[in-house]
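Shown next, in structure tokens, is the structure this report addresses.
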Amino acid sequence: MQQTVPVAQDLVLAGGGHAQVRVLKAFAMRPLPGVRLTLVSRDVETPYSGMLPGYVAGRYPLADCHIDLYRLARFARARFIHDEAIGIERGGRRLLLAAHPPLRYDFLSLDIGSSPRLVEVPGAAEHTVPVKPIDRFARRWEALLLRAQDLPRLSLAIVGGGAGGVELALAAQYRLSRFFRERQAGLAVSLVTREALLPSHNPRVRRIFERILAGRGIAVAGHCEVVAVEPHRLHCADGRQIAFDEALWVTEAGAAPWLAATGLALDDGGFIVIDEHLRALGEERIFAAGDVAAMAGHPREKAGVYAVRQGPPLAANLRRALAGKRLRRAVPQRRALALIGTGDGEAVASRGAFAAHGPLMWRLKDWIDRRWIARYRELPAMAGDGAASEMRCNGCAAKVPAQILGRVIERLQPLSSGTVAIGLESPDDAALLAFPGAPLLLQTVDFFRAMVDDPYLFGRIAATHALGDIYAMDGLPETALAIATVPPARGPIVEHDLYHMLKGALDVLEPAGAVLVGGHSAEGAELGLGFAVTGRPRRARLLRKGGLSHGDKLILTKPLGTGVVLAAEGRGEAPGRVVEGAIAAMLQGAAAAAECLARHGATAATDVTGFGLVGHLLEMLRASAVDAILDVPAIPALDGARALIRRGLRSSLHAENAAAFAALDGTQKLPPEVGVLLADPQTSGGLLAGVPAERAAAALAELRESGYRAALIGTVTRAAGAEPRISLAPGAPEREPAEVS
């Protein structure tokens with residue numbers, strides 16, 4: 001994203017907890033000039049814990065219980081780094097990450113939640129299902145629901161007698177009972193608690209739940225501390241044993257172990273001790289909120305209601321700290337209203353000595369939960385957003401259109417040289433240089449503006465893309481020269497961003513055998529990176545765009561759709577999981593695919609990038625003097641790409657790329673959605689190759705075994721005229737390309 005003011009300070013939010021989503025929203029509505037906001041999160045979507053029991057009971061779809069952090073970060077103009085924090089270097093103000101170089105900060109805010117204490121009980125990690133992280137719990141829960149439809153009987157144990165355990169036990173019993181009630185089979189649910197039931201709530205609330213649990217047939221094993229877990233059996237300290245088919249672990253969670261090495265003040269549970277301003281004790285530049293924090297002198301239970309209410313004061317104090325202003329006290333209230341669902345459309349209200357039970361309490365809870373999560377799911381249009389055609393895309397979608405580029409080269413009429421074996425006279429993915437007495441050299445260059453805000457990730461994508469031209473000609477990369485632009489900022493920030501970007505590139509170039517030998521860097525309006533790559537042919541015969549023969553099968557090694565996904569992401573309209581799928585595709589290198597295709601006798605190849613599938617296919621057909629038939633339904637699309645196309649989203653290069661459709665058989669109509677996909681510009685796209693028909697199936701199978709989402713998408717035919725033509729296989733207009741997840 002472009003900057004209008006040089007970056008002076010970095011505010012890093014580690015974790016996407018309930019308090020920090022409020023910080024993102026607050027900074028989105030009122031940005032602080034000169035402050036760059038970065039969110040680091042292990043999860044692309046963060047669950048709202050208050051709605052989890054409702055999901056278990058079947059009252060909410062799982063998707064409705066999550067906030068898309070990718071979209072929220074984009075809305076806040078914040079960088080999103082998909083990674084997990086694993087440490088802090090306080091002296092150097094650096095956050096340590098699992099899969100990135102250390103991330104600098106001027107101010108750091110931690111809201112990373114808590115982790116289940118499974119290691120404290122032998123066998124618990126192996127034989128029970130922890131509720132956190134919720135995404136993993138959800139997968140196990142859905143699998144249990146599928147199994148329950150066929151099981152003659154089921155014993156379910158829930159370990160934990162706090163509000164979370166009680167609520168989950170009732171929700172699970174409600175959801176599962178319908179399967180067993182219909183078959184008159186046995187469902188046994190046990191709630192196992194180390195102390196008495198609901199120890200932090202008043203006696204009236206406990207009596208209400210004792211009555212509800214008994215009425216629903218849920219056995220309560222009170223004062224039963226689980227000390228070991230074996231397959232299908234809980235062992236308690238007093239000798240009791242409780243059998244189970246499935247056990248859910250909902251005991252009080254603990255702090256992340258890595259906090260112990262940070263030097264921060266921690267309480268007995270390993271949680272960060274904070275002062276009344278939400279600042280880590282004795283640390284001016286680190287804040288903490290939610291479950292990971294414990295306020296000195298004001299102990300509170302680990303409950304979502306307190307994390308939610310810390311959001312506004314956390315946002316305000318971060319803003320004041322960045323501006324050098326005095327912070328404000330943010331002591332949590334002593335009591336909060338707890339609304340504990342019973343799974344059946346009712347809930348129990350608890351606050352101090354107050355208790356109430358009934359459907360009205362559930363309606364209140366449902367209203368509060370839906371209203372809160374809607375604030376972060378239903379985002380207003382981003383400032384400056386207009387029609388899709390007005391949005392200029394980055395990545396390879398920012399290429400100059402093929403027609404303009406061709407006319408410019410034709411007007412220039414550059415000189416040739418005897419050392420240029422393949423150049424502008426017969427352009428290919430890379431130039432081939434033949435110096436007297438020296439090995440043949442391949443040369444190519446790529447450069448584009450960043451399509452992601454994570455500089456390390458951008459470096460990896462840019463390097464993967466740049467190597468594609470060498471691999472498309474069945475070459476091996478040897479060296480690379482970098483050219484980089486970095487937005488203006490304070491010296492340490494420029495150094496940090498340039499290092500991250502080039503470190504990401506090196507993590508791709510060096511395993512590929514390419515040595516970085518130099519380059520050029522400059523200030524620019526936004527991050528940009530490119531490489532001039534030199535390589536050598538791997539075999540005596542190069543793979544070129546020309547060489548296709550009648551009967552060859554066309555193989556595409558990656559699904560299409562990065563252009564439309566990145567265009568949607570730039571407008572804040574792409575779901576985070578869809579963006580992650582596109583990023584994973586862009587990071588997949590072409591080396592193994594090129595080697596496989598060459599071994600199976602590929603006759604020609606190119607990489608599908610900025611000019612889209614049809615544009616690059618036409619280059620191959622023209623160079624080979626052949627035509628082709630496309631099997632449109634076989635052409636794979638990234639998960640979510642077609643849904644975005646149906647919403648009218650497309651790359652800014654689409655209109656120019658669509659000019660290639662003039663080569664389509666005029667008697668056949670291409671559905672508009674399909675046309676957008678076939679003209680979609682790809683960043684680090686797949687290889688498109690012709691393979692002899694008798695070897696295509698084996699090549700395709702090997703590509704898929706190697707992890708490529710490859711597909712056989714068409715057949716090469718004899719030329720019917722002077723200009724290449726593309727026909728659609730029978731039935732193609734009626735069916736859409738396959739979407740790949």
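To be explicit about the labels: the chains of the structure tokens are called A, B, and onward in the order shown, and within each one the residues are counted from 1, while ligands get numbers from 1 in the order they are shown.
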
Can you list, as a ChimeraX atom specification, every residue of stretch 104-165 of chain A that DSSP puts in strand (DSSP E or B)?
/A:104,107-110,115,129-130,153-159

Which residues, written as number ranges by chain, have at least one atom at most 12 Å from A:Gly282, with only C-alpha atoms counted and residues fewer than 4 positions away on the same chain left out?
A: 90, 263-266, 272-278, 286-287, 296

Among listed residues A:Ile404, A:Ala679, A:Leu542, A:Leu364, nearest A:Ile422 (using only C-alpha atoms)
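Nearest candidate to A:Ile422 out of A:Ile404, A:Ala679, A:Leu542, A:Leu364: A:Leu542.
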
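The residue set within 6 Å of A:Val508, counting only C-alpha atoms and dropping same-chain residues fewer than 3 places from it, reads A:Arg460, A:Ala505, A:Pro511.
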
Filtered DSSP result for stretch 393-631 of chain A, state helix (DSSP H, G or I), as JSON, numbers by chain:
{"A": [395, 396, 397, 398, 402, 403, 404, 405, 406, 407, 408, 409, 410, 411, 412, 455, 456, 457, 458, 459, 460, 461, 462, 463, 464, 465, 466, 467, 468, 469, 470, 471, 472, 491, 492, 493, 494, 495, 496, 497, 498, 499, 500, 501, 502, 503, 504, 505, 506, 507, 508, 509, 562, 563, 564, 565, 566, 567, 568, 569, 570, 576, 577, 578, 579, 580, 581, 582, 583, 584, 585, 586, 587, 591, 592, 593, 594, 595, 596, 597, 598, 599, 612, 613, 614, 615, 616, 617, 618, 619, 620, 621, 622, 623, 624]}

Contact table stretch 245-290 of chain A vs stretch 125-141 of chain A, cut-off 12 Å, shortest pair per residue, only C-alpha atoms, as CSV:
residue,atom,partner,partner_atom,distance
A:Asp245,CA,A:Thr128,CA,9.8
A:Glu246,CA,A:Thr128,CA,7.0
A:Ala247,CA,A:Thr128,CA,5.0
A:Leu248,CA,A:Val129,CA,4.8
A:Trp249,CA,A:Pro130,CA,4.5
A:Val250,CA,A:Val131,CA,6.0
A:Thr251,CA,A:Pro130,CA,8.7
A:Glu252,CA,A:Val131,CA,10.7
A:Ala253,CA,A:Lys132,CA,8.6
A:Gly254,CA,A:Lys132,CA,11.0

Could you turn the residues from that selection into a file that holds N, CA and C atoms, as a PDB file, in the first residue's frame?
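Listing of again_6.pdb after writing:
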ATOM      1  N   ASP A 245     -15.597 -42.189  25.283  1.00  0.00           N
ATOM      2  CA  ASP A 245     -15.248 -42.420  23.879  1.00  0.00           C
ATOM      3  C   ASP A 245     -14.546 -41.195  23.312  1.00  0.00           C
ATOM      4  N   GLU A 246     -14.956 -40.021  23.800  1.00  0.00           N
ATOM      5  CA  GLU A 246     -14.344 -38.753  23.385  1.00  0.00           C
ATOM      6  C   GLU A 246     -14.316 -37.854  24.609  1.00  0.00           C
ATOM      7  N   ALA A 247     -13.199 -37.153  24.805  1.00  0.00           N
ATOM      8  CA  ALA A 247     -13.073 -36.255  25.953  1.00  0.00           C
ATOM      9  C   ALA A 247     -12.656 -34.872  25.474  1.00  0.00           C
ATOM     10  N   LEU A 248     -13.345 -33.850  25.973  1.00  0.00           N
ATOM     11  CA  LEU A 248     -13.041 -32.455  25.651  1.00  0.00           C
ATOM     12  C   LEU A 248     -12.392 -31.810  26.866  1.00  0.00           C
ATOM     13  N   TRP A 249     -11.303 -31.082  26.629  1.00  0.00           N
ATOM     14  CA  TRP A 249     -10.503 -30.486  27.713  1.00  0.00           C
ATOM     15  C   TRP A 249     -10.790 -28.993  27.783  1.00  0.00           C
ATOM     16  N   VAL A 250     -11.450 -28.551  28.880  1.00  0.00           N
ATOM     17  CA  VAL A 250     -11.872 -27.153  29.012  1.00  0.00           C
ATOM     18  C   VAL A 250     -11.391 -26.584  30.342  1.00  0.00           C
ATOM     19  N   THR A 251     -10.263 -27.077  30.835  1.00  0.00           N
ATOM     20  CA  THR A 251      -9.740 -26.553  32.095  1.00  0.00           C
ATOM     21  C   THR A 251      -9.087 -25.198  31.853  1.00  0.00           C
ATOM     22  N   GLU A 252      -8.771 -24.516  32.952  1.00  0.00           N
ATOM     23  CA  GLU A 252      -8.139 -23.203  32.840  1.00  0.00           C
ATOM     24  C   GLU A 252      -6.839 -23.304  32.065  1.00  0.00           C
ATOM     25  N   ALA A 253      -6.692 -22.470  31.063  1.00  0.00           N
ATOM     26  CA  ALA A 253      -5.514 -22.511  30.202  1.00  0.00           C
ATOM     27  C   ALA A 253      -4.358 -21.755  30.836  1.00  0.00           C
ATOM     28  N   GLY A 254      -3.163 -21.955  30.285  1.00  0.00           N
ATOM     29  CA  GLY A 254      -1.972 -21.297  30.795  1.00  0.00           C
ATOM     30  C   GLY A 254      -1.380 -20.338  29.785  1.00  0.00           C
TER      31      GLY A 254
END

Skip A:Glu580 itself and residues of its chain fewer than 5 positions away, then list as a ChimeraX atom specification all residues within 12 Å of it, counting only C-alpha atoms.
/A:43-45,68-71,80-82,452,457,562,565-566,569,574-575,585-587,638-640,741

Using N, CA and C atoms, can you export the residues from the last selection as a CSV table (one decimal), in the first residue's frame?
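Result file follows (again_23.csv):
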chain,number,residue,atom,x,y,z
A,43,ASP,N,-3.3,-17.1,13.2
A,43,ASP,CA,-4.6,-17.5,12.6
A,43,ASP,C,-5.0,-16.3,11.6
A,44,VAL,N,-5.5,-16.7,10.5
A,44,VAL,CA,-6.1,-15.8,9.5
A,44,VAL,C,-7.5,-15.3,10.0
A,45,GLU,N,-8.2,-16.2,10.7
A,45,GLU,CA,-9.5,-15.9,11.2
A,45,GLU,C,-9.4,-16.1,12.7
A,68,ASP,N,-12.5,-12.2,10.3
A,68,ASP,CA,-11.5,-12.3,9.3
A,68,ASP,C,-10.4,-11.3,9.5
A,69,LEU,N,-9.3,-11.7,10.1
A,69,LEU,CA,-8.3,-10.7,10.5
A,69,LEU,C,-7.6,-10.1,9.3
A,70,TYR,N,-7.5,-10.9,8.2
A,70,TYR,CA,-6.9,-10.4,7.0
A,70,TYR,C,-7.7,-9.2,6.5
A,71,ARG,N,-9.0,-9.3,6.4
A,71,ARG,CA,-9.8,-8.2,5.9
A,71,ARG,C,-9.8,-7.0,6.9
A,80,PHE,N,-0.4,-7.3,7.6
A,80,PHE,CA,-0.8,-8.5,8.2
A,80,PHE,C,0.3,-9.5,8.0
A,81,ILE,N,0.9,-10.0,9.1
A,81,ILE,CA,1.9,-11.0,9.0
A,81,ILE,C,1.4,-12.3,9.6
A,82,HIS,N,1.3,-13.3,8.7
A,82,HIS,CA,0.7,-14.6,9.1
A,82,HIS,C,1.8,-15.5,9.7
A,452,VAL,N,1.6,-7.8,-1.4
A,452,VAL,CA,1.3,-8.1,0.0
A,452,VAL,C,2.1,-7.1,0.8
A,457,LEU,N,7.5,-11.9,3.0
A,457,LEU,CA,6.6,-12.7,2.2
A,457,LEU,C,6.7,-12.2,0.7
A,562,THR,N,-5.0,-15.7,-9.3
A,562,THR,CA,-4.3,-14.8,-8.4
A,562,THR,C,-4.6,-13.3,-8.6
A,565,VAL,N,-8.0,-12.5,-7.1
A,565,VAL,CA,-7.9,-12.5,-5.6
A,565,VAL,C,-7.1,-11.3,-5.1
A,566,LEU,N,-6.0,-11.0,-5.7
A,566,LEU,CA,-5.2,-9.8,-5.2
A,566,LEU,C,-6.0,-8.5,-5.5
A,569,GLU,N,-8.4,-8.4,-2.7
A,569,GLU,CA,-7.7,-8.1,-1.4
A,569,GLU,C,-7.3,-6.7,-1.3
A,574,ALA,N,-11.6,-9.6,-0.2
A,574,ALA,CA,-11.3,-11.0,-0.3
A,574,ALA,C,-11.2,-11.7,1.1
A,575,PRO,N,-11.9,-12.8,1.3
A,575,PRO,CA,-11.7,-13.5,2.6
A,575,PRO,C,-10.3,-13.9,2.8
A,585,ALA,N,-0.2,-20.6,-3.5
A,585,ALA,CA,0.1,-20.9,-4.9
A,585,ALA,C,1.3,-20.1,-5.5
A,586,MET,N,1.3,-18.9,-5.1
A,586,MET,CA,2.4,-18.0,-5.6
A,586,MET,C,3.8,-18.5,-5.1
A,587,LEU,N,3.8,-19.0,-3.9
A,587,LEU,CA,5.1,-19.5,-3.3
A,587,LEU,C,5.5,-20.8,-3.8
A,638,LEU,N,-8.4,-21.2,-8.3
A,638,LEU,CA,-8.1,-21.1,-6.9
A,638,LEU,C,-9.4,-21.1,-6.2
A,639,ASP,N,-9.4,-21.6,-5.0
A,639,ASP,CA,-10.6,-21.6,-4.1
A,639,ASP,C,-11.1,-20.1,-3.9
A,640,GLY,N,-12.3,-19.9,-4.2
A,640,GLY,CA,-12.9,-18.5,-4.0
A,640,GLY,C,-12.7,-17.6,-5.2
A,741,SER,N,-9.4,-26.2,-4.0
A,741,SER,CA,-9.3,-25.8,-2.6
A,741,SER,C,-8.0,-26.3,-2.0

I'd like the neighbourhood of A:Tyr456 as a PyMOL selection string, where a residue qualifies if any of its atoms comes within 9 Å (using only C-alpha atoms), though same-chain residues fewer than 2 positions away should be ignored.
chain A and resi 100-101+453-454+458-461+497-505
